[in-house]
Protein chains: 2
Amino acid sequence: MHSLTAVPFVVSPLDHGLEPALCRKIDGKTKPPGALGRLEALALQIGLVRGSLAPTLNQPHIVVFAGDHGAAKAGISAFPQEVTWQMVENFLVGGAAINVFARANGIGLTVVDAGVNHDFGARPNLIDAKVGAGGTAPAGPAANMGTASYLDGPAMTSQQRDLALAKGAEIVGRLADNGCEVMGFGEMGIGNTASAALLTHCLTGAALAACVGRGTGLDDAGLARKRELLGTALSRYAGPRDDALAVLAQFGGFEIAMMTGAMLAAAQRRLLVLVDGFICGAAALVAARIAPAFLDYAVFCHASAEAGHRAQLAALGANPLLSLDLRLGEGTGAALAWPLVRAAAAFLNEMASFESAGVSAKT
Amino acid sequence: MHSLTAVPFVVSPLDHGLEPALCRKIDGKTKPPGALGRLEALALQIGLVRGSLAPTLNQPHIVVFAGDHGAAKAGISAFPQEVTWQMVENFLVGGAAINVFARANGIGLTVVDAGVNHDFGARPNLIDAKVGAGGTAPAGPAANMGTASYLDGPAMTSQQRDLALAKGAEIVGRLADNGCEVMGFGEMGIGNTASAALLTHCLTGAALAACVGRGTGLDDAGLARKRELLGTALSRYAGPRDDALAVLAQFGGFEIAMMTGAMLAAAQRRLLVLVDGFICGAAALVAARIAPAFLDYAVFCHASAEAGHRAQLAALGANPLLSLDLRLGEGTGAALAWPLVRAAAAFLNEMASFESAGVSAKT
């Protein structure tokens, strides 16, 4: 299903040995059987991922990857490309939605420049993980630092893709080494719903029209133009459409590729992975095609209002925790769902059992 | 629509004067317009309820009302009646789901004995608000301290109903006086899905069968028996079915009546009210029939897996924030939804605007 890559990800399927004991523990809690609904399935998943009847989810963290898309200049977004770097500045001063939600819910936040078309200089709270000028774009101080446009050729070379995967994995590794046990991912990149739509179309087989949405707010004419441009991009690509790594290089963004590497590395280290909306879902789709066991570690956090998310979720068999008509990205859906995940672990660890509380069982 | 009551509740409809300014503030945040979906509508509601462009929701609190139902002895629940008091003991030692979720999400918790058929004695962390022996049951030390059975007559007298409403209002008043600005409610009472089903049927006109569910886990035979018994209870009631206060006395529980008074008092004091699932929804339905403006202050927190909740929500025009197949009660859905409500207020108060952050607007 995929080309060779320089970064070998080995994601082990969950060991279900603990499942009977976890189910007994969940069923013994002082509640009617099944009364906590989806939180019970979530508690079971958490126990299996962490390999414990008393799982911890310490140091929840969200990593936001930002990157620019060469194709954005062609007019596939309602906002100009410079909004990507302006929003990174907003993240750095704590003024964006993801900052607010992460603070409100006790989640650490790391911002990564995966390939923004802007020179931030040295910044203490920004990880510089730029991959380089995209595709075959000329180098030099005035060069594009985002991806090349997939309207002209591959968005990135396979070397750049593998570098992005490796950098994502490295960032996760450092956070995990420092004690993080649950990680969510977010993104910022003007034009990245277009990239996610192409990846979703190629990897799920859903009709392109069903994968393309209004993104940050295109009107009808803008949506029609986006669909047409993406159809053109597809017609110019002669490579395999079911090869996750090939389409990632062709249509991906640096932030999506880096997030894919980050997700795979998090699963490899048995962290629980919080998957945000449509763009993160595209990275999760690529990750699942590279290593199907990735899905064992993933919690799908929210159903995006972006049209293509439905096709993605159907292909992944995912039923997100929240459905609030969000379509912002940044990891906001993951940040908002975290208290539910924490609650699932908390009931497993803290609730009394019928036996311990002396409560009568069902008649 | 309702009888006279000794407790006059005056719930003012929201003043929408602030709405244009609140909408401008929400639209000016650094996100595409509408991208925070239902949290934007929630932020607007919070601003209007609290009457502020920078609303606070300090000291979130959940009050759990417990009460017993005379009809429970007839076999309408999968669990025996003594589970009500046993679960109250569980609340008092912090072992129930609502304790866990309230702790996890920073919510204060108060437990109220609204009429449990058990003598708890003096307990420092339990509010004794017993209403007395239900209906026309004989008094005395061995008397039933829950409601009477609606299979034999009214569950409570109109005086008991009004006393319950007043005690609920009084408890809310004390919490509000101490600084609580957002309040959720929960309940515990073996048999109370049956009571809620009868209230829902009478006040919405939905078919009884659509209002009756499995509660804590009845099997098919148990569900059939519950439906038959409730049909009998209805056939023995000759009073008006669209009179909220009359049906509350006939079929209600003390915990439901007290919660109704609490909800109305909270709205009267311009607190935001977090409505849990099916039983709380029945109280909210009664509250809305007494004072329709109550709904302006209500946030419906979760869609219960209990069958009758759909009929209730449809009648109230409510679309809950969460849908997680919960059917536990105790206020657990309200506790789990609180972080979303807090997040809505937080983005309104803390997010940067396009102007303040220097982010380019839509092209």
# chains A, B, ... in the order shown; residues from 1 in each chain; ligands from 1

$ residues_around --residues "segment 149-157 of chain A" --least-positions-apart "2" --cutoff "7 Å" --atoms "only C-alpha atoms" --output "PyMOL selection string"
chain A and resi 69-71+134-135+147+159-161+233+249-252

$ write_last_selection --atoms "N, CA and C atoms" --output "mmCIF file, in the first residue's frame"
data_model
loop_
_atom_site.group_PDB
_atom_site.id
_atom_site.type_symbol
_atom_site.label_atom_id
_atom_site.label_comp_id
_atom_site.auth_asym_id
_atom_site.auth_seq_id
_atom_site.Cartn_x
_atom_site.Cartn_y
_atom_site.Cartn_z
ATOM 1 N N HIS A 69 1.041 26.412 1.908
ATOM 2 C CA HIS A 69 0.742 25.591 0.733
ATOM 3 C C HIS A 69 0.947 26.408 -0.539
ATOM 4 N N GLY A 70 1.803 25.889 -1.411
ATOM 5 C CA GLY A 70 2.049 26.588 -2.672
ATOM 6 C C GLY A 70 0.769 26.875 -3.427
ATOM 7 N N ALA A 71 -0.163 25.933 -3.369
ATOM 8 C CA ALA A 71 -1.400 26.080 -4.135
ATOM 9 C C ALA A 71 -2.282 27.200 -3.593
ATOM 10 N N GLY A 134 9.616 24.010 -0.829
ATOM 11 C CA GLY A 134 8.852 22.857 -1.271
ATOM 12 C C GLY A 134 9.202 22.404 -2.677
ATOM 13 N N GLY A 135 9.036 21.123 -2.920
ATOM 14 C CA GLY A 135 9.186 20.528 -4.232
ATOM 15 C C GLY A 135 10.498 20.910 -4.880
ATOM 16 N N THR A 147 5.183 24.492 0.871
ATOM 17 C CA THR A 147 5.240 23.493 -0.192
ATOM 18 C C THR A 147 5.162 24.175 -1.554
ATOM 19 N N GLN A 159 12.071 13.066 -0.208
ATOM 20 C CA GLN A 159 13.026 13.339 0.867
ATOM 21 C C GLN A 159 12.424 14.326 1.874
ATOM 22 N N GLN A 160 11.772 15.355 1.343
ATOM 23 C CA GLN A 160 11.148 16.344 2.243
ATOM 24 C C GLN A 160 10.034 15.698 3.063
ATOM 25 N N ARG A 161 9.251 14.855 2.421
ATOM 26 C CA ARG A 161 8.177 14.149 3.138
ATOM 27 C C ARG A 161 8.757 13.324 4.283
ATOM 28 N N ALA A 233 -5.603 19.594 -10.501
ATOM 29 C CA ALA A 233 -4.429 19.037 -9.806
ATOM 30 C C ALA A 233 -4.424 17.515 -9.912
ATOM 31 N N ALA A 249 3.213 13.087 -0.514
ATOM 32 C CA ALA A 249 4.223 13.940 -1.141
ATOM 33 C C ALA A 249 3.600 14.808 -2.243
ATOM 34 N N GLN A 250 2.679 14.244 -2.985
ATOM 35 C CA GLN A 250 2.093 14.970 -4.115
ATOM 36 C C GLN A 250 1.191 16.118 -3.655
ATOM 37 N N PHE A 251 0.321 15.845 -2.701
ATOM 38 C CA PHE A 251 -0.734 16.804 -2.354
ATOM 39 C C PHE A 251 -0.649 17.327 -0.915
ATOM 40 N N GLY A 252 0.225 16.765 -0.147
ATOM 41 C CA GLY A 252 0.247 17.103 1.274
ATOM 42 C C GLY A 252 0.777 18.491 1.548
#

$ interface_residues --of "chain A" --to "chain B" --cutoff "7 Å" --atoms "only C-alpha atoms" --output "PyMOL selection string"
chain A and resi 30-32+35-38+78-80+83+86-87+90+95-97+100-101+104+216-217+322+324-328+336+339-340+343+346-347+350-352+357+359-363

$ atom_distance --atom1 "atom CA of Ala345 of chain A" --atom2 "atom CA of Phe300 of chain A"
16.1 Å

$ select_by_dssp --residues "segment 143-351 of chain A" --states "strand (DSSP E or B)" --output "list in words"
Val182, Met183, Gly184, Phe185, Gly186, Glu187, Met188, Leu272, Val273, Leu274, Val275, Ala298, Val299, Phe300, His302 and Leu322 of chain A

$ write_last_selection --atoms "N, CA, C and O atoms" --output "mmCIF file, in the first residue's frame"
data_model
loop_
_atom_site.group_PDB
_atom_site.id
_atom_site.type_symbol
_atom_site.label_atom_id
_atom_site.label_comp_id
_atom_site.auth_asym_id
_atom_site.auth_seq_id
_atom_site.Cartn_x
_atom_site.Cartn_y
_atom_site.Cartn_z
ATOM 1 N N VAL A 182 -0.591 11.590 26.792
ATOM 2 C CA VAL A 182 -1.717 11.739 25.862
ATOM 3 C C VAL A 182 -1.461 12.989 25.029
ATOM 4 O O VAL A 182 -1.122 14.051 25.568
ATOM 5 N N MET A 183 -1.579 12.834 23.729
ATOM 6 C CA MET A 183 -1.189 13.937 22.871
ATOM 7 C C MET A 183 -2.251 14.211 21.813
ATOM 8 O O MET A 183 -2.762 13.282 21.186
ATOM 9 N N GLY A 184 -2.568 15.477 21.646
ATOM 10 C CA GLY A 184 -3.450 15.886 20.564
ATOM 11 C C GLY A 184 -2.646 16.700 19.570
ATOM 12 O O GLY A 184 -1.550 17.198 19.878
ATOM 13 N N PHE A 185 -3.176 16.828 18.354
ATOM 14 C CA PHE A 185 -2.469 17.565 17.324
ATOM 15 C C PHE A 185 -3.407 18.559 16.671
ATOM 16 O O PHE A 185 -4.608 18.315 16.566
ATOM 17 N N GLY A 186 -2.819 19.670 16.257
ATOM 18 C CA GLY A 186 -3.585 20.679 15.563
ATOM 19 C C GLY A 186 -2.762 21.244 14.433
ATOM 20 O O GLY A 186 -1.583 20.913 14.269
ATOM 21 N N GLU A 187 -3.379 22.098 13.636
ATOM 22 C CA GLU A 187 -2.662 22.624 12.471
ATOM 23 C C GLU A 187 -3.154 24.010 12.113
ATOM 24 O O GLU A 187 -4.241 24.428 12.489
ATOM 25 N N MET A 188 -2.311 24.699 11.381
ATOM 26 C CA MET A 188 -2.658 25.995 10.811
ATOM 27 C C MET A 188 -1.975 26.052 9.458
ATOM 28 O O MET A 188 -0.773 25.793 9.359
ATOM 29 N N LEU A 272 -1.999 7.823 24.019
ATOM 30 C CA LEU A 272 -3.325 8.007 23.444
ATOM 31 C C LEU A 272 -3.240 9.223 22.525
ATOM 32 O O LEU A 272 -2.670 10.251 22.891
ATOM 33 N N VAL A 273 -3.820 9.121 21.326
ATOM 34 C CA VAL A 273 -3.728 10.194 20.336
ATOM 35 C C VAL A 273 -5.101 10.835 20.130
ATOM 36 O O VAL A 273 -6.057 10.159 19.751
ATOM 37 N N LEU A 274 -5.183 12.139 20.398
ATOM 38 C CA LEU A 274 -6.429 12.879 20.192
ATOM 39 C C LEU A 274 -6.424 13.460 18.782
ATOM 40 O O LEU A 274 -5.576 14.290 18.445
ATOM 41 N N VAL A 275 -7.366 13.010 17.954
ATOM 42 C CA VAL A 275 -7.433 13.471 16.573
ATOM 43 C C VAL A 275 -8.499 14.561 16.464
ATOM 44 O O VAL A 275 -9.650 14.348 16.835
ATOM 45 N N ALA A 298 -6.091 5.916 18.551
ATOM 46 C CA ALA A 298 -6.682 7.210 18.183
ATOM 47 C C ALA A 298 -8.054 7.402 18.801
ATOM 48 O O ALA A 298 -8.878 6.487 18.818
ATOM 49 N N VAL A 299 -8.289 8.593 19.316
ATOM 50 C CA VAL A 299 -9.617 9.013 19.758
ATOM 51 C C VAL A 299 -10.049 10.139 18.818
ATOM 52 O O VAL A 299 -9.407 11.196 18.780
ATOM 53 N N PHE A 300 -11.099 9.918 18.070
ATOM 54 C CA PHE A 300 -11.583 10.950 17.156
ATOM 55 C C PHE A 300 -12.443 11.916 17.960
ATOM 56 O O PHE A 300 -13.432 11.524 18.568
ATOM 57 N N HIS A 302 -13.839 15.284 17.256
ATOM 58 C CA HIS A 302 -15.039 16.010 16.845
ATOM 59 C C HIS A 302 -15.315 15.827 15.362
ATOM 60 O O HIS A 302 -14.412 15.620 14.562
ATOM 61 N N LEU A 322 -17.465 14.559 19.842
ATOM 62 C CA LEU A 322 -18.222 15.809 19.814
ATOM 63 C C LEU A 322 -18.720 16.111 18.405
ATOM 64 O O LEU A 322 -18.057 15.786 17.422
#

$ atom_distance --atom1 "atom CA of Arg270 of chain A" --atom2 "atom CA of Gly115 of chain A"
27.5 Å

$ decode --residues "segment 191-207 of chain B" --atoms "N, CA, C and O atoms" --output "compact mmCIF listing (two decimals), in the first residue's frame"
# COMPACT_ATOMS: atom_id res chain seq x y z
N GLY B 191 -36.93 4.59 40.34
CA GLY B 191 -38.29 4.77 39.84
C GLY B 191 -38.52 6.09 39.15
O GLY B 191 -39.60 6.34 38.63
N ASN B 192 -37.52 6.97 39.13
CA ASN B 192 -37.84 8.30 38.61
C ASN B 192 -37.86 8.43 37.09
O ASN B 192 -38.39 9.40 36.57
N THR B 193 -37.37 7.44 36.34
CA THR B 193 -37.63 7.54 34.89
C THR B 193 -39.12 7.32 34.62
O THR B 193 -39.66 7.86 33.65
N ALA B 194 -39.79 6.53 35.47
CA ALA B 194 -41.24 6.31 35.29
C ALA B 194 -42.00 7.61 35.53
O ALA B 194 -42.88 8.00 34.75
N SER B 195 -41.63 8.29 36.59
CA SER B 195 -42.26 9.58 36.91
C SER B 195 -42.02 10.58 35.78
O SER B 195 -42.93 11.27 35.32
N ALA B 196 -40.77 10.64 35.31
CA ALA B 196 -40.43 11.56 34.22
C ALA B 196 -41.19 11.20 32.95
O ALA B 196 -41.60 12.08 32.18
N ALA B 197 -41.40 9.91 32.72
CA ALA B 197 -42.14 9.48 31.53
C ALA B 197 -43.58 9.97 31.59
O ALA B 197 -44.13 10.45 30.58
N LEU B 198 -44.19 9.86 32.76
CA LEU B 198 -45.57 10.31 32.91
C LEU B 198 -45.68 11.83 32.72
O LEU B 198 -46.59 12.32 32.04
N LEU B 199 -44.76 12.56 33.30
CA LEU B 199 -44.76 14.02 33.13
C LEU B 199 -44.55 14.38 31.66
O LEU B 199 -45.22 15.28 31.12
N THR B 200 -43.64 13.69 31.01
CA THR B 200 -43.34 13.98 29.61
C THR B 200 -44.56 13.69 28.73
O THR B 200 -44.93 14.49 27.87
N HIS B 201 -45.18 12.55 28.99
CA HIS B 201 -46.39 12.19 28.23
C HIS B 201 -47.48 13.25 28.41
O HIS B 201 -48.06 13.74 27.44
N CYS B 202 -47.75 13.60 29.66
CA CYS B 202 -48.84 14.55 29.92
C CYS B 202 -48.55 15.93 29.32
O CYS B 202 -49.44 16.56 28.76
N LEU B 203 -47.33 16.38 29.43
CA LEU B 203 -47.04 17.77 29.06
C LEU B 203 -46.63 17.95 27.60
O LEU B 203 -46.66 19.07 27.08
N THR B 204 -46.24 16.87 26.94
CA THR B 204 -45.88 17.02 25.52
C THR B 204 -46.92 16.40 24.60
O THR B 204 -46.93 16.70 23.40
N GLY B 205 -47.76 15.49 25.13
CA GLY B 205 -48.71 14.81 24.27
C GLY B 205 -48.10 13.67 23.47
O GLY B 205 -48.80 13.01 22.70
N ALA B 206 -46.81 13.42 23.66
CA ALA B 206 -46.19 12.26 22.97
C ALA B 206 -46.81 10.98 23.51
O ALA B 206 -47.22 10.91 24.67
N ALA B 207 -46.89 9.96 22.67
CA ALA B 207 -47.48 8.68 23.10
C ALA B 207 -46.74 8.14 24.32
O ALA B 207 -45.52 8.27 24.43
